[in-house]
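Next up, my_file00.cif (mmCIF, C-alpha atoms and all ligand atoms; chains and numbers go by the auth columns):
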data_data
loop_
_atom_site.group_PDB
_atom_site.id
_atom_site.type_symbol
_atom_site.label_atom_id
_atom_site.label_comp_id
_atom_site.label_asym_id
_atom_site.label_seq_id
_atom_site.Cartn_x
_atom_site.Cartn_y
_atom_site.Cartn_z
_atom_site.B_iso_or_equiv
_atom_site.auth_seq_id
_atom_site.auth_asym_id
ATOM 1 C CA MET A 1 -42.957 -11.293 4.878 0.00 1 A
ATOM 2 C CA ASN A 2 -40.640 -10.615 7.764 0.00 2 A
ATOM 3 C CA LEU A 3 -37.309 -9.215 6.725 0.00 3 A
ATOM 4 C CA ARG A 4 -35.361 -7.612 9.516 0.00 4 A
ATOM 5 C CA MET A 5 -31.865 -6.911 8.286 0.00 5 A
ATOM 6 C CA ILE A 6 -28.659 -5.193 9.263 0.00 6 A
ATOM 7 C CA ILE A 7 -26.012 -4.099 6.828 0.00 7 A
ATOM 8 C CA LEU A 8 -22.443 -3.984 8.138 0.00 8 A
ATOM 9 C CA GLY A 9 -19.518 -2.471 6.321 0.00 9 A
ATOM 10 C CA ARG A 10 -16.967 0.221 6.810 0.00 10 A
ATOM 11 C CA GLN A 11 -17.860 3.786 5.961 0.00 11 A
ATOM 12 C CA GLY A 12 -17.309 4.169 2.240 0.00 12 A
ATOM 13 C CA ALA A 13 -18.202 0.548 1.501 0.00 13 A
ATOM 14 C CA GLY A 14 -21.232 1.729 -0.486 0.00 14 A
ATOM 15 C CA LYS A 15 -23.832 0.897 2.163 0.00 15 A
ATOM 16 C CA GLY A 16 -25.877 4.059 1.661 0.00 16 A
ATOM 17 C CA THR A 17 -26.345 3.498 -2.074 0.00 17 A
ATOM 18 C CA GLN A 18 -27.181 -0.166 -1.708 0.00 18 A
ATOM 19 C CA CYS A 19 -29.571 0.499 1.164 0.00 19 A
ATOM 20 C CA VAL A 20 -31.655 2.864 -0.952 0.00 20 A
ATOM 21 C CA ARG A 21 -31.906 0.196 -3.653 0.00 21 A
ATOM 22 C CA LEU A 22 -32.665 -2.700 -1.317 0.00 22 A
ATOM 23 C CA SER A 23 -35.214 -0.706 0.649 0.00 23 A
ATOM 24 C CA GLU A 24 -37.111 -0.042 -2.563 0.00 24 A
ATOM 25 C CA ARG A 25 -36.716 -3.569 -3.867 0.00 25 A
ATOM 26 C CA TYR A 26 -38.039 -5.263 -0.722 0.00 26 A
ATOM 27 C CA GLY A 27 -40.438 -2.529 0.425 0.00 27 A
ATOM 28 C CA ILE A 28 -38.827 -2.066 3.825 0.00 28 A
ATOM 29 C CA PRO A 29 -37.627 1.176 5.423 0.00 29 A
ATOM 30 C CA HIS A 30 -33.956 2.065 5.306 0.00 30 A
ATOM 31 C CA ILE A 31 -33.079 3.134 8.836 0.00 31 A
ATOM 32 C CA SER A 32 -29.762 4.946 8.910 0.00 32 A
ATOM 33 C CA THR A 33 -28.712 6.161 12.349 0.00 33 A
ATOM 34 C CA GLY A 34 -26.148 8.489 10.717 0.00 34 A
ATOM 35 C CA ASP A 35 -28.946 10.102 8.640 0.00 35 A
ATOM 36 C CA MET A 36 -31.128 10.410 11.736 0.00 36 A
ATOM 37 C CA LEU A 37 -28.331 12.129 13.635 0.00 37 A
ATOM 38 C CA ARG A 38 -27.550 14.450 10.710 0.00 38 A
ATOM 39 C CA SER A 39 -31.232 15.466 10.561 0.00 39 A
ATOM 40 C CA ALA A 40 -31.138 16.204 14.280 0.00 40 A
ATOM 41 C CA VAL A 41 -28.021 18.360 13.812 0.00 41 A
ATOM 42 C CA GLU A 42 -29.703 20.193 10.937 0.00 42 A
ATOM 43 C CA ALA A 43 -32.874 20.761 12.944 0.00 43 A
ATOM 44 C CA GLY A 44 -30.848 22.008 15.927 0.00 44 A
ATOM 45 C CA THR A 45 -32.558 19.668 18.405 0.00 45 A
ATOM 46 C CA GLU A 46 -31.049 18.835 21.776 0.00 46 A
ATOM 47 C CA LEU A 47 -29.865 15.506 20.364 0.00 47 A
ATOM 48 C CA GLY A 48 -28.313 17.280 17.386 0.00 48 A
ATOM 49 C CA ARG A 49 -26.435 19.725 19.575 0.00 49 A
ATOM 50 C CA MET A 50 -25.097 16.887 21.696 0.00 50 A
ATOM 51 C CA ALA A 51 -24.127 14.715 18.706 0.00 51 A
ATOM 52 C CA LYS A 52 -22.498 17.301 16.458 0.00 52 A
ATOM 53 C CA SER A 53 -19.051 17.544 18.046 0.00 53 A
ATOM 54 C CA ILE A 54 -18.912 13.765 18.534 0.00 54 A
ATOM 55 C CA MET A 55 -19.727 13.194 14.877 0.00 55 A
ATOM 56 C CA ASP A 56 -17.283 15.835 13.665 0.00 56 A
ATOM 57 C CA ALA A 57 -14.519 14.052 15.571 0.00 57 A
ATOM 58 C CA GLY A 58 -15.539 10.685 14.117 0.00 58 A
ATOM 59 C CA ASP A 59 -16.311 9.347 17.583 0.00 59 A
ATOM 60 C CA LEU A 60 -19.318 7.283 18.620 0.00 60 A
ATOM 61 C CA VAL A 61 -22.462 8.735 20.165 0.00 61 A
ATOM 62 C CA PRO A 62 -23.112 6.973 23.534 0.00 62 A
ATOM 63 C CA ASP A 63 -24.811 3.583 23.311 0.00 63 A
ATOM 64 C CA GLU A 64 -27.768 4.458 25.523 0.00 64 A
ATOM 65 C CA VAL A 65 -28.586 7.476 23.353 0.00 65 A
ATOM 66 C CA MET A 66 -28.409 5.386 20.179 0.00 66 A
ATOM 67 C CA ASN A 67 -30.443 2.523 21.625 0.00 67 A
ATOM 68 C CA GLY A 68 -33.139 5.017 22.607 0.00 68 A
ATOM 69 C CA ILE A 69 -33.302 6.531 19.113 0.00 69 A
ATOM 70 C CA VAL A 70 -33.470 3.118 17.453 0.00 70 A
ATOM 71 C CA ALA A 71 -36.098 1.815 19.902 0.00 71 A
ATOM 72 C CA GLU A 72 -38.329 4.714 18.979 0.00 72 A
ATOM 73 C CA ARG A 73 -37.790 4.290 15.237 0.00 73 A
ATOM 74 C CA LEU A 74 -38.379 0.521 15.248 0.00 74 A
ATOM 75 C CA GLY A 75 -41.635 1.147 17.089 0.00 75 A
ATOM 76 C CA GLU A 76 -43.050 3.035 14.106 0.00 76 A
ATOM 77 C CA SER A 77 -45.639 1.243 12.005 0.00 77 A
ATOM 78 C CA ASP A 78 -43.582 0.999 8.795 0.00 78 A
ATOM 79 C CA ALA A 79 -40.903 -1.054 10.589 0.00 79 A
ATOM 80 C CA VAL A 80 -43.185 -3.784 11.909 0.00 80 A
ATOM 81 C CA GLU A 81 -42.621 -6.266 9.065 0.00 81 A
ATOM 82 C CA GLY A 82 -39.055 -5.473 8.340 0.00 82 A
ATOM 83 C CA PHE A 83 -36.308 -2.917 7.993 0.00 83 A
ATOM 84 C CA LEU A 84 -32.786 -2.431 6.842 0.00 84 A
ATOM 85 C CA LEU A 85 -30.613 -1.047 9.623 0.00 85 A
ATOM 86 C CA ASP A 86 -27.582 0.910 8.455 0.00 86 A
ATOM 87 C CA GLY A 87 -24.993 2.229 10.911 0.00 87 A
ATOM 88 C CA PHE A 88 -26.479 0.347 13.858 0.00 88 A
ATOM 89 C CA PRO A 89 -25.427 -1.641 15.814 0.00 89 A
ATOM 90 C CA ARG A 90 -21.896 -0.302 16.025 0.00 90 A
ATOM 91 C CA SER A 91 -20.813 -1.814 19.355 0.00 91 A
ATOM 92 C CA ASP A 92 -21.474 -5.033 21.231 0.00 92 A
ATOM 93 C CA ILE A 93 -23.635 -3.170 23.745 0.00 93 A
ATOM 94 C CA GLN A 94 -25.861 -2.001 20.886 0.00 94 A
ATOM 95 C CA ALA A 95 -25.951 -5.483 19.333 0.00 95 A
ATOM 96 C CA VAL A 96 -26.927 -7.197 22.571 0.00 96 A
ATOM 97 C CA TRP A 97 -29.550 -4.545 23.256 0.00 97 A
ATOM 98 C CA LEU A 98 -31.004 -4.997 19.746 0.00 98 A
ATOM 99 C CA ASN A 99 -31.170 -8.740 20.140 0.00 99 A
ATOM 100 C CA GLU A 100 -33.194 -8.315 23.320 0.00 100 A
ATOM 101 C CA ALA A 101 -35.378 -5.606 21.823 0.00 101 A
ATOM 102 C CA LEU A 102 -36.294 -7.912 18.922 0.00 102 A
ATOM 103 C CA ALA A 103 -36.758 -11.063 21.002 0.00 103 A
ATOM 104 C CA PRO A 104 -37.931 -13.689 20.426 0.00 104 A
ATOM 105 C CA GLY A 105 -37.400 -13.406 16.648 0.00 105 A
ATOM 106 C CA GLY A 106 -34.257 -11.340 16.516 0.00 106 A
ATOM 107 C CA ILE A 107 -32.585 -10.227 13.335 0.00 107 A
ATOM 108 C CA ASP A 108 -33.197 -12.319 10.224 0.00 108 A
ATOM 109 C CA LEU A 109 -30.117 -11.531 8.223 0.00 109 A
ATOM 110 C CA VAL A 110 -26.880 -9.559 8.575 0.00 110 A
ATOM 111 C CA LEU A 111 -25.229 -8.520 5.335 0.00 111 A
ATOM 112 C CA SER A 112 -21.551 -7.697 5.454 0.00 112 A
ATOM 113 C CA LEU A 113 -20.538 -5.495 2.535 0.00 113 A
ATOM 114 C CA GLU A 114 -16.824 -5.933 1.979 0.00 114 A
ATOM 115 C CA VAL A 115 -14.464 -3.746 -0.046 0.00 115 A
ATOM 116 C CA PRO A 116 -10.701 -3.273 -0.071 0.00 116 A
ATOM 117 C CA ASP A 117 -9.093 -0.484 2.026 0.00 117 A
ATOM 118 C CA GLU A 118 -7.927 1.664 -0.893 0.00 118 A
ATOM 119 C CA VAL A 119 -11.421 1.820 -2.336 0.00 119 A
ATOM 120 C CA VAL A 120 -12.960 2.847 0.976 0.00 120 A
ATOM 121 C CA ILE A 121 -10.600 5.762 1.582 0.00 121 A
ATOM 122 C CA GLU A 122 -10.873 6.981 -2.000 0.00 122 A
ATOM 123 C CA ARG A 123 -14.688 6.935 -1.850 0.00 123 A
ATOM 124 C CA MET A 124 -14.820 8.709 1.499 0.00 124 A
ATOM 125 C CA LEU A 125 -12.553 11.534 0.413 0.00 125 A
ATOM 126 C CA ALA A 126 -14.708 11.950 -2.703 0.00 126 A
ATOM 127 C CA ARG A 127 -18.025 12.411 -0.826 0.00 127 A
ATOM 128 C CA GLY A 128 -16.982 15.631 0.944 0.00 128 A
ATOM 129 C CA ARG A 129 -19.305 15.286 3.943 0.00 129 A
ATOM 130 C CA ALA A 130 -18.675 17.643 6.930 0.00 130 A
ATOM 131 C CA ASP A 131 -17.166 14.770 8.906 0.00 131 A
ATOM 132 C CA ASP A 132 -15.076 13.479 5.996 0.00 132 A
ATOM 133 C CA THR A 133 -11.803 15.117 7.014 0.00 133 A
ATOM 134 C CA GLU A 134 -8.815 12.826 6.895 0.00 134 A
ATOM 135 C CA ALA A 135 -8.487 12.734 10.705 0.00 135 A
ATOM 136 C CA ALA A 136 -12.164 11.907 11.225 0.00 136 A
ATOM 137 C CA ILE A 137 -12.064 9.259 8.493 0.00 137 A
ATOM 138 C CA ARG A 138 -9.063 7.608 10.133 0.00 138 A
ATOM 139 C CA ARG A 139 -10.763 7.745 13.535 0.00 139 A
ATOM 140 C CA ARG A 140 -13.951 6.169 12.149 0.00 140 A
ATOM 141 C CA LEU A 141 -12.019 3.386 10.431 0.00 141 A
ATOM 142 C CA ASP A 142 -10.095 2.675 13.671 0.00 142 A
ATOM 143 C CA LEU A 143 -13.322 2.576 15.655 0.00 143 A
ATOM 144 C CA TYR A 144 -14.867 0.329 13.044 0.00 144 A
ATOM 145 C CA GLU A 145 -12.073 -2.194 13.478 0.00 145 A
ATOM 146 C CA ALA A 146 -12.208 -1.958 17.284 0.00 146 A
ATOM 147 C CA GLU A 147 -15.953 -1.792 17.929 0.00 147 A
ATOM 148 C CA THR A 148 -17.902 -2.863 14.885 0.00 148 A
ATOM 149 C CA ALA A 149 -15.841 -5.535 13.135 0.00 149 A
ATOM 150 C CA PRO A 150 -16.165 -7.867 16.187 0.00 150 A
ATOM 151 C CA LEU A 151 -19.932 -7.845 15.572 0.00 151 A
ATOM 152 C CA MET A 152 -19.293 -10.069 12.569 0.00 152 A
ATOM 153 C CA GLY A 153 -18.219 -12.824 14.940 0.00 153 A
ATOM 154 C CA TYR A 154 -21.287 -12.221 17.073 0.00 154 A
ATOM 155 C CA TYR A 155 -23.693 -12.553 14.127 0.00 155 A
ATOM 156 C CA SER A 156 -21.717 -15.354 12.588 0.00 156 A
ATOM 157 C CA ASP A 157 -22.108 -17.342 15.820 0.00 157 A
ATOM 158 C CA LEU A 158 -25.852 -16.676 15.651 0.00 158 A
ATOM 159 C CA GLY A 159 -25.836 -18.071 12.096 0.00 159 A
ATOM 160 C CA LYS A 160 -27.106 -14.768 10.673 0.00 160 A
ATOM 161 C CA LEU A 161 -24.071 -13.399 8.832 0.00 161 A
ATOM 162 C CA VAL A 162 -23.643 -13.435 5.060 0.00 162 A
ATOM 163 C CA ARG A 163 -20.672 -11.811 3.385 0.00 163 A
ATOM 164 C CA ALA A 164 -20.937 -9.959 0.085 0.00 164 A
ATOM 165 C CA ASN A 165 -18.294 -8.561 -2.203 0.00 165 A
ATOM 166 C CA GLY A 166 -18.993 -4.812 -2.379 0.00 166 A
ATOM 167 C CA HIS A 167 -16.460 -4.102 -5.104 0.00 167 A
ATOM 168 C CA GLY A 168 -17.795 -3.275 -8.557 0.00 168 A
ATOM 169 C CA GLU A 169 -20.630 -1.452 -10.294 0.00 169 A
ATOM 170 C CA GLU A 170 -23.650 -0.525 -8.194 0.00 170 A
ATOM 171 C CA ASP A 171 -25.979 -2.742 -10.263 0.00 171 A
ATOM 172 C CA GLU A 172 -23.635 -5.659 -9.895 0.00 172 A
ATOM 173 C CA VAL A 173 -23.353 -5.248 -6.120 0.00 173 A
ATOM 174 C CA GLU A 174 -27.144 -4.913 -5.793 0.00 174 A
ATOM 175 C CA LYS A 175 -27.549 -8.158 -7.730 0.00 175 A
ATOM 176 C CA ARG A 176 -25.151 -9.971 -5.397 0.00 176 A
ATOM 177 C CA LEU A 177 -26.930 -8.672 -2.300 0.00 177 A
ATOM 178 C CA SER A 178 -30.420 -9.405 -3.575 0.00 178 A
ATOM 179 C CA GLU A 179 -29.411 -12.934 -4.498 0.00 179 A
ATOM 180 C CA LEU A 180 -28.252 -13.510 -0.936 0.00 180 A
ATOM 181 C CA ILE A 181 -31.495 -12.072 0.441 0.00 181 A
ATOM 182 C CA ASP A 182 -33.635 -14.102 -1.971 0.00 182 A
ATOM 183 C CA THR A 183 -31.797 -17.261 -0.975 0.00 183 A
ATOM 184 C CA TYR A 184 -32.585 -16.482 2.659 0.00 184 A
ATOM 185 C CA LEU A 185 -36.254 -15.795 1.855 0.00 185 A
ATOM 186 C CA ALA A 186 -36.556 -19.059 -0.052 0.00 186 A
ATOM 187 C CA SER A 187 -35.042 -21.094 2.780 0.00 187 A
HETATM 188 P P1 LIG B . -22.611 7.176 9.472 0.00 201 B
HETATM 189 O O1 LIG B . -23.440 8.020 8.551 0.00 201 B
HETATM 190 O O2 LIG B . -23.229 5.822 9.730 0.00 201 B
HETATM 191 O O3 LIG B . -21.185 7.102 9.049 0.00 201 B
HETATM 192 O O4 LIG B . -22.625 7.903 10.892 0.00 201 B
HETATM 193 C C1 LIG B . -22.063 9.204 11.047 0.00 201 B
HETATM 194 C C2 LIG B . -21.677 9.420 12.507 0.00 201 B
HETATM 195 O O5 LIG B . -22.838 9.333 13.341 0.00 201 B
HETATM 196 C C3 LIG B . -20.713 8.393 13.077 0.00 201 B
HETATM 197 O O6 LIG B . -19.367 8.692 12.765 0.00 201 B
HETATM 198 C C4 LIG B . -21.012 8.487 14.570 0.00 201 B
HETATM 199 O O7 LIG B . -20.426 9.647 15.128 0.00 201 B
HETATM 200 C C5 LIG B . -22.513 8.701 14.580 0.00 201 B
HETATM 201 N N1 LIG B . -23.257 7.410 14.642 0.00 201 B
HETATM 202 C C6 LIG B . -24.086 6.881 13.696 0.00 201 B
HETATM 203 N N2 LIG B . -24.580 5.690 14.093 0.00 201 B
HETATM 204 C C7 LIG B . -24.068 5.455 15.323 0.00 201 B
HETATM 205 C C8 LIG B . -24.173 4.387 16.245 0.00 201 B
HETATM 206 N N3 LIG B . -24.916 3.301 15.988 0.00 201 B
HETATM 207 N N4 LIG B . -23.487 4.485 17.410 0.00 201 B
HETATM 208 C C9 LIG B . -22.731 5.565 17.703 0.00 201 B
HETATM 209 N N5 LIG B . -22.577 6.602 16.857 0.00 201 B
HETATM 210 C C10 LIG B . -23.226 6.567 15.679 0.00 201 B
#

When written as structure tokens, how does the structure in this file appear?
Amino acid sequence: MNLRMIILGRQGAGKGTQCVRLSERYGIPHISTGDMLRSAVEAGTELGRMAKSIMDAGDLVPDEVMNGIVAERLGESDAVEGFLLDGFPRSDIQAVWLNEALAPGGIDLVLSLEVPDEVVIERMLARGRADDTEAAIRRRLDLYEAETAPLMGYYSDLGKLVRANGHGEEDEVEKRLSELIDTYLAS
């Protein structure tokens, strides 16, 4: 089974929670670039030192750095048959790079997890992560609209995009997402 997926959605849309569930359900690794960067910060690596101030400000780590990290991760043996990418791509440069890196097959499915604004901000303020200050949250949401939301058009044109309502109980949202994935797998 080949199942190479991306999940798109604003921070606070519930991607992290759903990714853990879907990764287990389909037996594919959950690859979160935010988690990878946070581990690097924690470990005090060169990457971590470079990324920390960018992340604290809610800005984006440069594309070439991110593409390099993802290239390395996708080259690992557990990602050969499939993966669930979370937090990447976040810009058109990253998306175009990924498409080339995965050629000729490309991505199988792009899930867009959609929730209303009020819910997103409420959830983000409740998590209390180091970069969850109000200014950084606002910056990340602005960047999402400017850089990441246009990717929906890109994947929609490729016929890969499916939209899912991310509002509701976790079980309910997982059911919606898995139904969309199962429909793809059966096609
Ligand atoms: P996340 O956990 O996905 O919200 O990511 C946390 C932070 O890591 C973001 O606010 C960015 O500063 C950085 N980051 C994660 N993924 C990327 C990416 N694909 N491109 C640029 N920066 C990223």

Which residues of chain A come within 9 Å of ligand LIG 201 (chain B), and what is each one's closest atom pair and distance in Å (one decimal), counting only C-alpha atoms and all ligand atoms, sorted by chain and residue number, as a tab-separated table?
residue	atom	partner	partner_atom	distance
A:Arg10	CA	B:LIG201	O3	8.4
A:Gln11	CA	B:LIG201	O3	5.6
A:Gly12	CA	B:LIG201	O3	8.4
A:Gly16	CA	B:LIG201	O1	8.3
A:Ser32	CA	B:LIG201	O2	6.6
A:Thr33	CA	B:LIG201	N2	4.5
A:Gly34	CA	B:LIG201	O1	3.5
A:Asp35	CA	B:LIG201	O1	5.9
A:Met36	CA	B:LIG201	C6	8.1
A:Leu37	CA	B:LIG201	O5	6.2
A:Arg38	CA	B:LIG201	O5	7.4
A:Ala51	CA	B:LIG201	O7	7.2
A:Lys52	CA	B:LIG201	O7	8.0
A:Ser53	CA	B:LIG201	O7	8.5
A:Ile54	CA	B:LIG201	O7	5.6
A:Met55	CA	B:LIG201	O7	3.6
A:Asp56	CA	B:LIG201	O7	7.1
A:Ala57	CA	B:LIG201	O7	7.4
A:Gly58	CA	B:LIG201	O6	4.5
A:Asp59	CA	B:LIG201	O7	4.8
A:Leu60	CA	B:LIG201	N5	3.8
A:Val61	CA	B:LIG201	N5	3.9
A:Pro62	CA	B:LIG201	C9	6.0
A:Asp63	CA	B:LIG201	N4	6.1
A:Val65	CA	B:LIG201	C9	8.4
A:Met66	CA	B:LIG201	N4	5.7
A:Asn67	CA	B:LIG201	N3	7.9
A:Val70	CA	B:LIG201	N3	8.7
A:Asp86	CA	B:LIG201	O2	6.7
A:Gly87	CA	B:LIG201	O2	4.2
A:Phe88	CA	B:LIG201	N3	4.0
A:Pro89	CA	B:LIG201	N3	5.0
A:Arg90	CA	B:LIG201	N3	4.7
A:Ser91	CA	B:LIG201	N4	7.1
A:Gln94	CA	B:LIG201	N3	7.3
A:Asp131	CA	B:LIG201	O6	7.5
A:Ala136	CA	B:LIG201	O6	8.0
A:Ile137	CA	B:LIG201	O6	8.5
A:Arg139	CA	B:LIG201	O6	8.7
A:Arg140	CA	B:LIG201	O6	6.0

Can you give me, as a PyMOL selection string, the residues this file yields under the PyMOL selection byres (((chain A and resi 154-157) around 10) and not hetatm)? chain A and resi 92+95-96+107+109-111+149-153+158-163

The PyMOL selection byres (((chain A and resi 23) around 12) and not hetatm) - which residues does that actually catch in the file I just gave you? List them as a ChimeraX atom specification. /A:3-7,15-22,24-32,78-79,82-86,174,177-178,181

Using only C-alpha atoms: which of A:Val173, A:Ala164, A:Leu180, A:Leu185 has the shortest distance to Ser112 in chain A: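 Of A:Val173, A:Ala164, A:Leu180, A:Leu185, the one nearest Ser112 in chain A, counting only C-alpha atoms, is A:Ala164.
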
For the atom pair CA of Glu42 in chain A and CA of Arg127 in chain A, what is the interatomic distance in Å to one decimal place? 18.3 Å

Counting all atoms listed in the file, which of A:Ala101, A:Val80, A:Glu169, A:Ala126 gets nearest to Gly68 in chain A?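 Under the stated criterion, the closest residue is A:Ala101.
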
Distance of CA of Gly166 in chain A from CA of Gly14 in chain A, expressed in Å to one decimal place: 7.2 Å

To one decimal place, how far is CA of Glu170 in chain A from CA of Arg138 in chain A in Å?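 Separation of CA of Glu170 in chain A and CA of Arg138 in chain A: 24.8 Å.
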
Select, from A:Glu64, A:Glu81, A:Glu145, A:Glu114, the residue with the minimum atom-to-atom distance to Trp97 in chain A, counting only C-alpha atoms.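 That would be A:Glu64, the residue with the smallest distance to Trp97 in chain A.
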
Box along x, y and z, 4 Å on every side, all listed atoms of range 118-128 of chain A inside: centre and edge lengths in Å to one decimal, as lines of an AutoDock Vina configuration file.
center_x = -13.0
center_y = 8.6
center_z = -0.6
size_x = 18.1
size_y = 22.0
size_z = 12.3
